[in-house]
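J.: Dropping a structure here in structure tokens format, bear with me for questions.
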Amino acid sequence: MSDTKHKIIIAVDGFSSCGKSTFAKAIAARLGYIFIDTGAMYRAVTLHALEHGAIRSGMVDEEAVVKLLDRISITFRFNPERGASDIYVNGDLAEGKIRTIEVSNCVSRVSAIPEVRRRLVALQQEMGRRRGVVMDGRDIGTVVFPDAELKLFMTADPAVRAQRRYKELTAKGDQVTLEEIERNIRERDKIDMTRAVSPLRQADDAVVLDNSHMSVDEQMAWFMDLYHRRTQG
Ligand code: DC
């Protein structure tokens, strides 16, 4: 349950694979808020583009991706078994399919397309309209909800991030190497920070959380202290 009657928006931005989703999900469960993974939305568009020939041999045809946007409906449905929402593309469960290395390799380029961002940002703003959400992404505190009451900017050492993603993917049986993942993470950081539209950057009023050497429990304790100071102070 929420500790306050007044529901707020919590923006969680930061680098790839530094545990943003795990952490944002845990915060949402603790506060009784809705968790929205905006990276999953960019991944869903990328998956759809891969499946419909708008990305071939790693080449993203921007015009073709934009054309597909009118035919994609992205929704979330709560899955009690996972304790989080699964993403659906045109009514089909896409949760497992959006986290492959193939999607990861193309998603930064798809998310750099201005029209893709315009559409998804509008959808995210609509999803957070009633507040009481924890939204994780790259531009939540800067573009989607610049008025969010609490903004976190998460970061961690790239080698630690690669290890975490490696564990996650190999546990699922994916055939990947640590080097491949580290390369993908560094490449995505670069694209995310240098793209023309809504580059990844820390909002001026965001609080930095470097979780390279912190457990989820330690992060939660740190966050709840911050949350209480902000909402009751
Ligand atoms: O959080 P993630 O790694 O699942 O995100 C996938 C990609 O989507 C990431 O490379 C950057 C992009 N993204 C974005 O540009 N803006 C967001 N709000 C969320 C994700």
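Quick note on naming: the chains in the structure tokens go A, B, ... in the order shown, residues restart at 1 in each chain, and ligands are numbered from 1 in order of appearance.
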Kindly provide, as a PyMOL selection string, all nucleotide and amino acid residues lying within 6 Å of ligand 1, counting only C-alpha atoms and all ligand atoms.
T.: chain A and resi 16+38-40+42-43+107-108+111+137-140+188+192
J.: DSSP on the backbone, then: every residue of region 71-199 of chain A marked helix (DSSP H, G or I), written as an NGL selection string.
T.: :A and (71 or 97-99 or 101-111 or 114-127 or 140-144 or 158-171 or 178-194)
J.: Give me the region 12-98 of chain A side of the contact with region 145-160 of chain A, cut-off 6 Å, one line per residue showing its nearest atom pair and distance in Å at one decimal, counting only C-alpha atoms, sorted by chain and residue number, as a Markdown table.
T.:
| residue | atom | partner | partner_atom | distance |
| --- | --- | --- | --- | --- |
| A:Val12 | CA | A:Leu152 | CA | 4.8 |
| A:Asp13 | CA | A:Phe153 | CA | 4.9 |
| A:Gly14 | CA | A:Met154 | CA | 4.5 |
| A:Phe15 | CA | A:Thr155 | CA | 5.8 |
| A:Cys18 | CA | A:Ala156 | CA | 5.7 |
J.: Fewer than 5 positions away in the same chain doesn't count, so skip those; otherwise give me all residues within 12 Å of Asp217 (chain A), counting only C-alpha atoms, as a list in words.
T.: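 Counting only C-alpha atoms, the residues come to Thr22, Phe23, Ala26, Ile27, Arg30, Asn211, Trp222, Phe223 and Met224 of chain A.
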J.: Using Å and a single decimal, report how far CA of Arg99 (chain A) sits from CA of Glu182 (chain A).
T.: 15.6 Å
